Amino acid sequence: MSTESSRIGFAYRLDAILAVLLLVLVGAGHLCHLEIDLVPTVIIGLILIVAIHMVVRIKVLRPLQRFAEIADNIADGDLTPDQVTAAQDSDLVDLNESFGKIVGTLVEHRGAIEHYMARIDAINKELEVRVASLSILYDASKVMGTTLNIDSLVRSLLQLMAERTQLKQIGFMSYNDRTDTLAIKDLIGFSPELFAKFRLTSGHKLVLSIFDEKGYHQLDDAASDLLVAEFDTDAVRQLKYLMPMRIKDHFVGIMLLGEKLDGTRFSENELQLLRALVGLASMSINNAALFDVSERTKHELDRKVFNLMTLQQSGKVLSSTLDLDKLIQISIDMFLETCWANRGVLMLRSDDHDLLEIKATKGLEVEALQALEKDPAEAWAMTTLEKDRRPILAQELASVSLTQSYSLVNRELPFAVYVPLLKEGELYGVVKIGPKINGEAFSENDLEFFATLSSQAVIAFDNARLYSLAITDSITKLYVNRYFHLRLEEEVRRSQRYNSTLSLLMCDLDHFKLINDTYGHQQGDIILREISTILKRNTRNTDIAARYGGEEFVIILPETTLADAKIVADRIRRDIDCHEFPALVIGQPPLRCTISIGVASFPLNADNKEELISKADSSMYLAKGSGRNRVMLCGVEY
């Protein structure tokens with residue numbers, strides 16, 4: 001019973017081994033993409049297993065069982081010698097015939113077995129190649145996820161492809177859709193000369209030839225000779241294969257392949273692997289490029305939002321005052337702060353002559369400003385600005401002025417940006433800005449912003465200038481009578497509110513009519529201008545000096561007592577009395593002039609603006625009636 005069970009078990013184990021072998025062969029063929037009809041293959045395999053099972057069971061196992069039974073009977077003494085001999089002859093003959101048939105069958109199918117073994121070995125080798133390819137593709141996919149910096153990504157992918165595919169040279173050409181050109185982005189093993197000389201357009205015949213069914217273009221010697229002639233460099237001879245990189249209809253670039261390290265040709269499997277790697281690289285590089293574009297767009301949008309906010313704020317600041325001097329200082333600070341610079345100059349065209357004058361500076365010493373007047377680089381920059389009348393970068397000027405003398409002696413431009421202030425197309429002024437404190441270069445976006453900001457500044461300057469013309473006297477540049485009355489009203493109200501003191505000087509030149517009659521009104525205008533200079537020199541910024549009319553002047557002295565006002569008046573009278581006024585006629589001796597001043601104080605001498613003017617005017621006439629060239633205080637007995 002145990003012998004029978006062993007025999008049956010052996011047969012079924014053999015069946016199982018054959019079935020597993022059949023499954024392995026079918027699975028291997030499927031992995032290798034072999035064209036195998038599954039159902040017929042399985043049916044033929046099952047029939048073969050059943051046939052082998054029957055042959056082994058009938059021709060091998062059954063005679064072996066019979067032989068074993070005879071051996072047991074002999075051992076037990078159940079058979080006679082003649083019976084033993086007959087059984088042995090019969091069973092051994094059957095066994096011999098069975099083994100002979102099996103051996104014959106094996107010999108007949110030896111070729112088929114060797115063929116299948118060779119096939120299995122080839123499948124194993126192909127599986128190894130596929131596993132290695134999958135490993136490379138897996139590593140490439142990991143590289144894709146390490147960074148979105150396009151330069152780092154390209155370098156990592158090229159290194160991976162060169163190392164894992166045994167490439168001697170590999171490179172990447174990036175496509176720029178704005179310029180419709182392909183330029184070298186990175187190279188490994190190729191001559192650096194390709195960077196400068198090998199450039200293509202999307203319509204180049206070489207680019208068009210790579211989009212064929214094979215997915216790559218192989219360069220032969222004839223094609224290399226044409227490229228050498230076209231690009232004037234032997235470095236193009238290193239190019240062997242060009243593979244297109246695109247995502248659907250979007251062109252990413254071209255992968256450049258050179259030779260293998262061992263000098264052999266690429267097999268189809270290797271080219272297939274390279275195409276797969278190039279496909280992965282196309283997707284990852286395109287994603288990195290899109291990320292880079294999105295980051296630059298985000299940065300530009302952030303910068304534009306910042307610029308808009310700055311322009312809005314600057315509009316508020318520039319409209320906050322009509323004082324030209326304050327506006328000029330506000331403007332230079334605003335230009336420098338918005339571009340993170342700490343050195344600059346603001347110049348405006350003079351009212352008296354057609355020249356630009358420095359109105360405000362920051363971060364520059366007097367010696368540096370004086371040196372600018374003799375700097376040929378500065379002269380060249382200003383000449384270019386006068387001509388082009390647009391914001392100009394220093395590096396732009398340097399690049400187009402290689403023949404200028406300052407370039408020959410390695411001079412650098414004193415400023416990084418020159419921004420013109422234009423009014424109706426004419427040069428109204430200029431803002432010169434030093435380099436950024438963070439070391440960054442100025443961009444075209446900065447120039448656009450400066451152009452908008454400068455137009456705001458020009459409008460503010462012009463408004464302040466017009467306002468200044470409306471409230472100042474054209475000869476003396478002192479405030480006019482109307483503005484004087486407005487400001488005196490404000491100062492009186494302020495004095496009432498804060499219980500403070502306010503003084504007023506009423507001044508009149510002595511015998512001024514005689515000067516006009518003797519020397520002419522032009523000479524009188526010269527004296528009036530000189531008088532205004534003396535008045536400004538002897539008053540504070542908070543004081544208001546105005547031309548009251550003709551040769552009369554008034555000065556408002558806020559927060560000033562009557563005694564302190566007398567000190568100011570005496571100083572003015574003394575300076576005018578000692579001053580030599582230039583004569584209109586050349587060679588004529590200088591003229592002399594005196595002034596009479598009346599002083600009144602609020603609320604000491606008056607309760608309102610009109611009374612204060614009246615008391616000061618009365619004191620002034622009292623000074624003239626007392627002999628002129630003197631100061632008289634209201635309410636003081638002499």
# chains A, B, ... in the order shown; residues from 1 in each chain; ligands from 1
call {"tool": "residues_around", "arguments": {"residues": "A:Ile330", "least_positions_apart": "5", "cutoff": "12 Å", "atoms": "only C-alpha atoms", "output": "PDB file with all heavy atoms, in the first residue's frame"}}
result
ATOM      1  N   GLN A 313       0.985 105.877  -2.578  1.00  0.00           N
ATOM      2  CA  GLN A 313       1.486 106.587  -1.404  1.00  0.00           C
ATOM      3  C   GLN A 313       2.268 107.844  -1.802  1.00  0.00           C
ATOM      4  O   GLN A 313       2.145 108.895  -1.167  1.00  0.00           O
ATOM      5  CB  GLN A 313       2.374 105.650  -0.572  1.00  0.00           C
ATOM      6  CG  GLN A 313       2.859 106.233   0.737  1.00  0.00           C
ATOM      7  CD  GLN A 313       1.711 106.512   1.700  1.00  0.00           C
ATOM      8  OE1 GLN A 313       0.683 105.869   1.638  1.00  0.00           O
ATOM      9  NE2 GLN A 313       1.905 107.485   2.582  1.00  0.00           N
ATOM     10  N   SER A 314       3.076 107.695  -2.858  1.00  0.00           N
ATOM     11  CA  SER A 314       3.860 108.856  -3.293  1.00  0.00           C
ATOM     12  C   SER A 314       2.954 109.965  -3.795  1.00  0.00           C
ATOM     13  O   SER A 314       3.247 111.157  -3.598  1.00  0.00           O
ATOM     14  CB  SER A 314       4.841 108.439  -4.393  1.00  0.00           C
ATOM     15  OG  SER A 314       4.145 108.015  -5.565  1.00  0.00           O
ATOM     16  N   GLY A 315       1.833 109.599  -4.445  1.00  0.00           N
ATOM     17  CA  GLY A 315       0.880 110.613  -4.882  1.00  0.00           C
ATOM     18  C   GLY A 315       0.311 111.399  -3.711  1.00  0.00           C
ATOM     19  O   GLY A 315       0.161 112.623  -3.788  1.00  0.00           O
ATOM     20  N   LYS A 316       0.030 110.672  -2.625  1.00  0.00           N
ATOM     21  CA  LYS A 316      -0.474 111.353  -1.429  1.00  0.00           C
ATOM     22  C   LYS A 316       0.588 112.273  -0.835  1.00  0.00           C
ATOM     23  O   LYS A 316       0.301 113.408  -0.439  1.00  0.00           O
ATOM     24  CB  LYS A 316      -0.908 110.326  -0.384  1.00  0.00           C
ATOM     25  CG  LYS A 316      -2.120 109.500  -0.777  1.00  0.00           C
ATOM     26  CD  LYS A 316      -2.470 108.503   0.321  1.00  0.00           C
ATOM     27  CE  LYS A 316      -3.683 107.666  -0.055  1.00  0.00           C
ATOM     28  NZ  LYS A 316      -4.002 106.671   1.006  1.00  0.00           N
ATOM     29  N   VAL A 317       1.825 111.762  -0.775  1.00  0.00           N
ATOM     30  CA  VAL A 317       2.904 112.553  -0.183  1.00  0.00           C
ATOM     31  C   VAL A 317       3.197 113.788  -1.021  1.00  0.00           C
ATOM     32  O   VAL A 317       3.350 114.902  -0.495  1.00  0.00           O
ATOM     33  CB  VAL A 317       4.175 111.693  -0.020  1.00  0.00           C
ATOM     34  CG1 VAL A 317       5.353 112.549   0.429  1.00  0.00           C
ATOM     35  CG2 VAL A 317       3.938 110.570   0.970  1.00  0.00           C
ATOM     36  N   LEU A 318       3.258 113.604  -2.336  1.00  0.00           N
ATOM     37  CA  LEU A 318       3.594 114.725  -3.216  1.00  0.00           C
ATOM     38  C   LEU A 318       2.498 115.781  -3.254  1.00  0.00           C
ATOM     39  O   LEU A 318       2.762 116.945  -3.561  1.00  0.00           O
ATOM     40  CB  LEU A 318       3.875 114.220  -4.630  1.00  0.00           C
ATOM     41  CG  LEU A 318       5.154 113.387  -4.803  1.00  0.00           C
ATOM     42  CD1 LEU A 318       5.214 112.788  -6.198  1.00  0.00           C
ATOM     43  CD2 LEU A 318       6.394 114.238  -4.532  1.00  0.00           C
ATOM     44  N   SER A 319       1.283 115.365  -2.952  1.00  0.00           N
ATOM     45  CA  SER A 319       0.179 116.333  -2.943  1.00  0.00           C
ATOM     46  C   SER A 319      -0.052 116.931  -1.561  1.00  0.00           C
ATOM     47  O   SER A 319      -0.979 117.716  -1.376  1.00  0.00           O
ATOM     48  CB  SER A 319      -1.109 115.652  -3.422  1.00  0.00           C
ATOM     49  OG  SER A 319      -1.468 114.587  -2.547  1.00  0.00           O
ATOM     50  N   SER A 320       0.779 116.553  -0.599  1.00  0.00           N
ATOM     51  CA  SER A 320       0.588 117.023   0.775  1.00  0.00           C
ATOM     52  C   SER A 320       1.131 118.433   0.997  1.00  0.00           C
ATOM     53  O   SER A 320       0.824 119.056   2.003  1.00  0.00           O
ATOM     54  CB  SER A 320       1.256 116.064   1.759  1.00  0.00           C
ATOM     55  OG  SER A 320       2.662 116.047   1.563  1.00  0.00           O
ATOM     56  N   THR A 321       1.939 118.927   0.084  1.00  0.00           N
ATOM     57  CA  THR A 321       2.530 120.263   0.261  1.00  0.00           C
ATOM     58  C   THR A 321       2.752 120.915  -1.088  1.00  0.00           C
ATOM     59  O   THR A 321       2.895 120.231  -2.110  1.00  0.00           O
ATOM     60  CB  THR A 321       3.868 120.169   1.017  1.00  0.00           C
ATOM     61  OG1 THR A 321       4.421 121.475   1.164  1.00  0.00           O
ATOM     62  CG2 THR A 321       4.853 119.294   0.257  1.00  0.00           C
ATOM     63  N   LEU A 322       2.764 122.234  -1.059  1.00  0.00           N
ATOM     64  CA  LEU A 322       3.079 123.006  -2.260  1.00  0.00           C
ATOM     65  C   LEU A 322       4.391 123.755  -2.096  1.00  0.00           C
ATOM     66  O   LEU A 322       4.722 124.629  -2.911  1.00  0.00           O
ATOM     67  CB  LEU A 322       1.943 123.995  -2.562  1.00  0.00           C
ATOM     68  CG  LEU A 322       0.659 123.361  -3.118  1.00  0.00           C
ATOM     69  CD1 LEU A 322      -0.463 124.380  -3.159  1.00  0.00           C
ATOM     70  CD2 LEU A 322       0.896 122.776  -4.506  1.00  0.00           C
ATOM     71  N   ASP A 323       5.113 123.393  -1.065  1.00  0.00           N
ATOM     72  CA  ASP A 323       6.434 123.977  -0.845  1.00  0.00           C
ATOM     73  C   ASP A 323       7.436 123.228  -1.726  1.00  0.00           C
ATOM     74  O   ASP A 323       7.687 122.035  -1.538  1.00  0.00           O
ATOM     75  CB  ASP A 323       6.816 123.863   0.620  1.00  0.00           C
ATOM     76  CG  ASP A 323       8.099 124.618   0.941  1.00  0.00           C
ATOM     77  OD1 ASP A 323       9.083 124.459   0.190  1.00  0.00           O
ATOM     78  OD2 ASP A 323       8.125 125.354   1.939  1.00  0.00           O
ATOM     79  N   LEU A 324       8.008 123.924  -2.695  1.00  0.00           N
ATOM     80  CA  LEU A 324       8.884 123.275  -3.669  1.00  0.00           C
ATOM     81  C   LEU A 324      10.109 122.650  -3.010  1.00  0.00           C
ATOM     82  O   LEU A 324      10.517 121.546  -3.372  1.00  0.00           O
ATOM     83  CB  LEU A 324       9.311 124.280  -4.741  1.00  0.00           C
ATOM     84  CG  LEU A 324      10.147 123.709  -5.898  1.00  0.00           C
ATOM     85  CD1 LEU A 324       9.393 122.600  -6.613  1.00  0.00           C
ATOM     86  CD2 LEU A 324      10.530 124.821  -6.875  1.00  0.00           C
ATOM     87  N   ASP A 325      10.690 123.336  -2.042  1.00  0.00           N
ATOM     88  CA  ASP A 325      11.875 122.799  -1.375  1.00  0.00           C
ATOM     89  C   ASP A 325      11.552 121.490  -0.654  1.00  0.00           C
ATOM     90  O   ASP A 325      12.329 120.530  -0.696  1.00  0.00           O
ATOM     91  CB  ASP A 325      12.435 123.827  -0.392  1.00  0.00           C
ATOM     92  CG  ASP A 325      12.985 125.060  -1.108  1.00  0.00           C
ATOM     93  OD1 ASP A 325      13.396 124.914  -2.275  1.00  0.00           O
ATOM     94  OD2 ASP A 325      12.990 126.140  -0.503  1.00  0.00           O
ATOM     95  N   PHE A 335      12.520 108.346  -4.265  1.00  0.00           N
ATOM     96  CA  PHE A 335      13.202 107.607  -5.325  1.00  0.00           C
ATOM     97  C   PHE A 335      14.190 106.591  -4.735  1.00  0.00           C
ATOM     98  O   PHE A 335      14.273 105.445  -5.183  1.00  0.00           O
ATOM     99  CB  PHE A 335      13.940 108.568  -6.258  1.00  0.00           C
ATOM    100  CG  PHE A 335      13.111 109.076  -7.393  1.00  0.00           C
ATOM    101  CD1 PHE A 335      12.483 110.305  -7.321  1.00  0.00           C
ATOM    102  CD2 PHE A 335      12.949 108.324  -8.544  1.00  0.00           C
ATOM    103  CE1 PHE A 335      11.721 110.787  -8.363  1.00  0.00           C
ATOM    104  CE2 PHE A 335      12.190 108.789  -9.603  1.00  0.00           C
ATOM    105  CZ  PHE A 335      11.566 110.025  -9.509  1.00  0.00           C
ATOM    106  N   LEU A 336      14.949 107.008  -3.747  1.00  0.00           N
ATOM    107  CA  LEU A 336      15.971 106.133  -3.181  1.00  0.00           C
ATOM    108  C   LEU A 336      15.358 105.009  -2.348  1.00  0.00           C
ATOM    109  O   LEU A 336      15.817 103.858  -2.400  1.00  0.00           O
ATOM    110  CB  LEU A 336      16.940 106.949  -2.323  1.00  0.00           C
ATOM    111  CG  LEU A 336      17.756 108.020  -3.061  1.00  0.00           C
ATOM    112  CD1 LEU A 336      18.693 108.718  -2.100  1.00  0.00           C
ATOM    113  CD2 LEU A 336      18.535 107.428  -4.223  1.00  0.00           C
ATOM    114  N   GLU A 337      14.312 105.305  -1.590  1.00  0.00           N
ATOM    115  CA  GLU A 337      13.712 104.293  -0.728  1.00  0.00           C
ATOM    116  C   GLU A 337      13.010 103.208  -1.532  1.00  0.00           C
ATOM    117  O   GLU A 337      13.063 102.032  -1.172  1.00  0.00           O
ATOM    118  CB  GLU A 337      12.720 104.957   0.229  1.00  0.00           C
ATOM    119  CG  GLU A 337      13.387 105.784   1.325  1.00  0.00           C
ATOM    120  CD  GLU A 337      12.383 106.581   2.133  1.00  0.00           C
ATOM    121  OE1 GLU A 337      11.165 106.423   1.874  1.00  0.00           O
ATOM    122  OE2 GLU A 337      12.808 107.347   3.023  1.00  0.00           O
ATOM    123  N   LEU A 346      19.179 115.006  -7.169  1.00  0.00           N
ATOM    124  CA  LEU A 346      18.033 115.512  -7.929  1.00  0.00           C
ATOM    125  C   LEU A 346      18.399 116.885  -8.479  1.00  0.00           C
ATOM    126  O   LEU A 346      18.809 117.772  -7.722  1.00  0.00           O
ATOM    127  CB  LEU A 346      16.789 115.585  -7.045  1.00  0.00           C
ATOM    128  CG  LEU A 346      15.468 115.841  -7.780  1.00  0.00           C
ATOM    129  CD1 LEU A 346      14.314 115.204  -7.029  1.00  0.00           C
ATOM    130  CD2 LEU A 346      15.181 117.315  -7.981  1.00  0.00           C
ATOM    131  N   LYS A 359      19.470 120.382  -6.763  1.00  0.00           N
ATOM    132  CA  LYS A 359      18.502 120.867  -5.779  1.00  0.00           C
ATOM    133  C   LYS A 359      18.499 120.035  -4.502  1.00  0.00           C
ATOM    134  O   LYS A 359      18.124 120.534  -3.438  1.00  0.00           O
ATOM    135  CB  LYS A 359      17.094 120.851  -6.393  1.00  0.00           C
ATOM    136  CG  LYS A 359      16.917 121.795  -7.578  1.00  0.00           C
ATOM    137  CD  LYS A 359      17.075 123.241  -7.151  1.00  0.00           C
ATOM    138  CE  LYS A 359      16.803 124.185  -8.315  1.00  0.00           C
ATOM    139  NZ  LYS A 359      16.942 125.610  -7.913  1.00  0.00           N
ATOM    140  N   ALA A 360      18.886 118.770  -4.607  1.00  0.00           N
ATOM    141  CA  ALA A 360      18.907 117.914  -3.414  1.00  0.00           C
ATOM    142  C   ALA A 360      19.890 116.767  -3.639  1.00  0.00           C
ATOM    143  O   ALA A 360      20.048 116.281  -4.766  1.00  0.00           O
ATOM    144  CB  ALA A 360      17.519 117.361  -3.113  1.00  0.00           C
ATOM    145  N   THR A 361      20.554 116.363  -2.587  1.00  0.00           N
ATOM    146  CA  THR A 361      21.483 115.228  -2.652  1.00  0.00           C
ATOM    147  C   THR A 361      21.298 114.367  -1.417  1.00  0.00           C
ATOM    148  O   THR A 361      20.766 114.816  -0.399  1.00  0.00           O
ATOM    149  CB  THR A 361      22.943 115.698  -2.710  1.00  0.00           C
ATOM    150  OG1 THR A 361      23.260 116.374  -1.491  1.00  0.00           O
ATOM    151  CG2 THR A 361      23.175 116.626  -3.889  1.00  0.00           C
ATOM    152  N   LYS A 362      21.778 113.133  -1.530  1.00  0.00           N
ATOM    153  CA  LYS A 362      21.754 112.232  -0.379  1.00  0.00           C
ATOM    154  C   LYS A 362      22.890 111.222  -0.542  1.00  0.00           C
ATOM    155  O   LYS A 362      23.045 110.611  -1.597  1.00  0.00           O
ATOM    156  CB  LYS A 362      20.412 111.497  -0.283  1.00  0.00           C
ATOM    157  CG  LYS A 362      20.197 110.791   1.049  1.00  0.00           C
ATOM    158  CD  LYS A 362      18.751 110.367   1.223  1.00  0.00           C
ATOM    159  CE  LYS A 362      18.533 109.819   2.616  1.00  0.00           C
ATOM    160  NZ  LYS A 362      17.124 109.397   2.834  1.00  0.00           N
ATOM    161  N   ALA A 457       6.270 113.219  -9.931  1.00  0.00           N
ATOM    162  CA  ALA A 457       7.103 114.249  -9.311  1.00  0.00           C
ATOM    163  C   ALA A 457       7.084 115.529 -10.124  1.00  0.00           C
ATOM    164  O   ALA A 457       7.021 116.640  -9.561  1.00  0.00           O
ATOM    165  CB  ALA A 457       8.531 113.724  -9.161  1.00  0.00           C
ATOM    166  N   ALA A 460       3.928 117.417  -9.456  1.00  0.00           N
ATOM    167  CA  ALA A 460       3.984 118.055  -8.137  1.00  0.00           C
ATOM    168  C   ALA A 460       4.909 119.267  -8.160  1.00  0.00           C
ATOM    169  O   ALA A 460       4.582 120.324  -7.595  1.00  0.00           O
ATOM    170  CB  ALA A 460       4.445 117.043  -7.094  1.00  0.00           C
ATOM    171  N   PHE A 461       6.071 119.138  -8.806  1.00  0.00           N
ATOM    172  CA  PHE A 461       7.009 120.266  -8.890  1.00  0.00           C
ATOM    173  C   PHE A 461       6.380 121.442  -9.636  1.00  0.00           C
ATOM    174  O   PHE A 461       6.514 122.607  -9.222  1.00  0.00           O
ATOM    175  CB  PHE A 461       8.295 119.850  -9.610  1.00  0.00           C
ATOM    176  CG  PHE A 461       9.130 118.864  -8.849  1.00  0.00           C
ATOM    177  CD1 PHE A 461      10.077 118.079  -9.505  1.00  0.00           C
ATOM    178  CD2 PHE A 461       8.988 118.697  -7.487  1.00  0.00           C
ATOM    179  CE1 PHE A 461      10.859 117.178  -8.820  1.00  0.00           C
ATOM    180  CE2 PHE A 461       9.756 117.797  -6.786  1.00  0.00           C
ATOM    181  CZ  PHE A 461      10.697 117.034  -7.451  1.00  0.00           C
TER     182      PHE A 461
END
call {"tool": "residues_around", "arguments": {"residues": "A:Asn438", "least_positions_apart": "3", "cutoff": "12 Å", "atoms": "only C-alpha atoms", "output": "MDAnalysis selection string"}}
result
chainID A and resid 339:342 434:435 441:442
call {"tool": "closest_residue", "arguments": {"among": "A:Arg540, A:Asn176, A:Met255, A:Arg487", "to": "A:Met161", "atoms": "only C-alpha atoms"}}
result
A:Met255
call {"tool": "residues_around", "arguments": {"residues": "A:Cys593", "least_positions_apart": "4", "cutoff": "10 Å", "atoms": "only C-alpha atoms", "output": "ChimeraX atom specification"}}
result
/A:509-512,515,527,531,573,576-581,629
call {"tool": "atom_distance", "arguments": {"atom1": "atom CA of A:Glu259", "atom2": "atom CA of A:Lys240"}}
result
6.7 Å
call {"tool": "select_by_dssp", "arguments": {"residues": "stretch 209-419 of chain A", "states": "helix (DSSP H, G or I)", "output": "PyMOL selection string"}}
result
chain A and resi 209+221-231+234-238+268-318+324-338+366-372+376-388+394-399+405-408
call {"tool": "atom_distance", "arguments": {"atom1": "atom CA of A:Ser282", "atom2": "atom CA of A:Ser156"}}
result
13.5 Å
call {"tool": "closest_atom_pairs", "arguments": {"of": "stretch 566-636 of chain A", "to": "stretch 547-554 of chain A", "cutoff": "10 Å", "atoms": "only C-alpha atoms", "output": "tab-separated table"}}
result
residue	atom	partner	partner_atom	distance
A:Ile595	CA	A:Glu552	CA	9.4
A:Ser596	CA	A:Glu552	CA	9.7
A:Ile597	CA	A:Val554	CA	9.2
A:Gly598	CA	A:Val554	CA	9.6
A:Val599	CA	A:Val554	CA	9.9
A:Ile613	CA	A:Val554	CA	9.3
A:Ala616	CA	A:Val554	CA	9.3
A:Asp617	CA	A:Val554	CA	9.6
call {"tool": "write_last_selection", "arguments": {"atoms": "all heavy atoms", "output": "PDB file, in the first residue's frame"}}
result
ATOM      1  N   ILE A 595      16.671 152.330   5.453  1.00  0.00           N
ATOM      2  CA  ILE A 595      15.315 151.842   5.620  1.00  0.00           C
ATOM      3  C   ILE A 595      14.773 152.288   6.969  1.00  0.00           C
ATOM      4  O   ILE A 595      15.519 152.389   7.957  1.00  0.00           O
ATOM      5  CB  ILE A 595      15.260 150.304   5.495  1.00  0.00           C
ATOM      6  CG1 ILE A 595      13.826 149.818   5.368  1.00  0.00           C
ATOM      7  CG2 ILE A 595      15.972 149.628   6.660  1.00  0.00           C
ATOM      8  CD1 ILE A 595      13.717 148.349   4.950  1.00  0.00           C
ATOM      9  N   SER A 596      13.490 152.576   7.019  1.00  0.00           N
ATOM     10  CA  SER A 596      12.796 152.914   8.265  1.00  0.00           C
ATOM     11  C   SER A 596      11.847 151.768   8.611  1.00  0.00           C
ATOM     12  O   SER A 596      11.127 151.265   7.733  1.00  0.00           O
ATOM     13  CB  SER A 596      12.008 154.225   8.116  1.00  0.00           C
ATOM     14  OG  SER A 596      12.891 155.302   7.828  1.00  0.00           O
ATOM     15  N   ILE A 597      11.844 151.363   9.894  1.00  0.00           N
ATOM     16  CA  ILE A 597      11.084 150.182  10.301  1.00  0.00           C
ATOM     17  C   ILE A 597      10.214 150.514  11.502  1.00  0.00           C
ATOM     18  O   ILE A 597      10.687 151.107  12.484  1.00  0.00           O
ATOM     19  CB  ILE A 597      12.023 149.016  10.661  1.00  0.00           C
ATOM     20  CG1 ILE A 597      12.955 148.683   9.484  1.00  0.00           C
ATOM     21  CG2 ILE A 597      11.224 147.799  11.082  1.00  0.00           C
ATOM     22  CD1 ILE A 597      13.997 147.633   9.808  1.00  0.00           C
ATOM     23  N   GLY A 598       8.930 150.136  11.417  1.00  0.00           N
ATOM     24  CA  GLY A 598       8.016 150.238  12.540  1.00  0.00           C
ATOM     25  C   GLY A 598       7.688 148.854  13.060  1.00  0.00           C
ATOM     26  O   GLY A 598       7.483 147.913  12.289  1.00  0.00           O
ATOM     27  N   VAL A 599       7.624 148.694  14.392  1.00  0.00           N
ATOM     28  CA  VAL A 599       7.407 147.388  15.014  1.00  0.00           C
ATOM     29  C   VAL A 599       6.176 147.458  15.900  1.00  0.00           C
ATOM     30  O   VAL A 599       6.036 148.372  16.726  1.00  0.00           O
ATOM     31  CB  VAL A 599       8.628 146.959  15.851  1.00  0.00           C
ATOM     32  CG1 VAL A 599       8.420 145.565  16.407  1.00  0.00           C
ATOM     33  CG2 VAL A 599       9.905 147.031  15.029  1.00  0.00           C
ATOM     34  N   ILE A 613      -1.575 145.711  11.779  1.00  0.00           N
ATOM     35  CA  ILE A 613      -0.971 146.336  10.590  1.00  0.00           C
ATOM     36  C   ILE A 613      -0.960 147.849  10.750  1.00  0.00           C
ATOM     37  O   ILE A 613       0.037 148.538  10.440  1.00  0.00           O
ATOM     38  CB  ILE A 613      -1.741 145.924   9.321  1.00  0.00           C
ATOM     39  CG1 ILE A 613      -1.605 144.418   9.070  1.00  0.00           C
ATOM     40  CG2 ILE A 613      -1.235 146.708   8.101  1.00  0.00           C
ATOM     41  CD1 ILE A 613      -2.456 143.909   7.927  1.00  0.00           C
ATOM     42  N   ALA A 616       1.787 148.955  13.317  1.00  0.00           N
ATOM     43  CA  ALA A 616       3.131 148.831  12.741  1.00  0.00           C
ATOM     44  C   ALA A 616       3.366 149.902  11.685  1.00  0.00           C
ATOM     45  O   ALA A 616       4.469 150.490  11.581  1.00  0.00           O
ATOM     46  CB  ALA A 616       3.313 147.434  12.145  1.00  0.00           C
ATOM     47  N   ASP A 617       2.331 150.161  10.868  1.00  0.00           N
ATOM     48  CA  ASP A 617       2.458 151.185   9.828  1.00  0.00           C
ATOM     49  C   ASP A 617       2.634 152.575  10.455  1.00  0.00           C
ATOM     50  O   ASP A 617       3.464 153.380   9.990  1.00  0.00           O
ATOM     51  CB  ASP A 617       1.201 151.147   8.954  1.00  0.00           C
ATOM     52  CG  ASP A 617       1.361 151.977   7.683  1.00  0.00           C
ATOM     53  OD1 ASP A 617       2.387 151.789   6.986  1.00  0.00           O
ATOM     54  OD2 ASP A 617       0.485 152.806   7.389  1.00  0.00           O
TER      55      ASP A 617
END
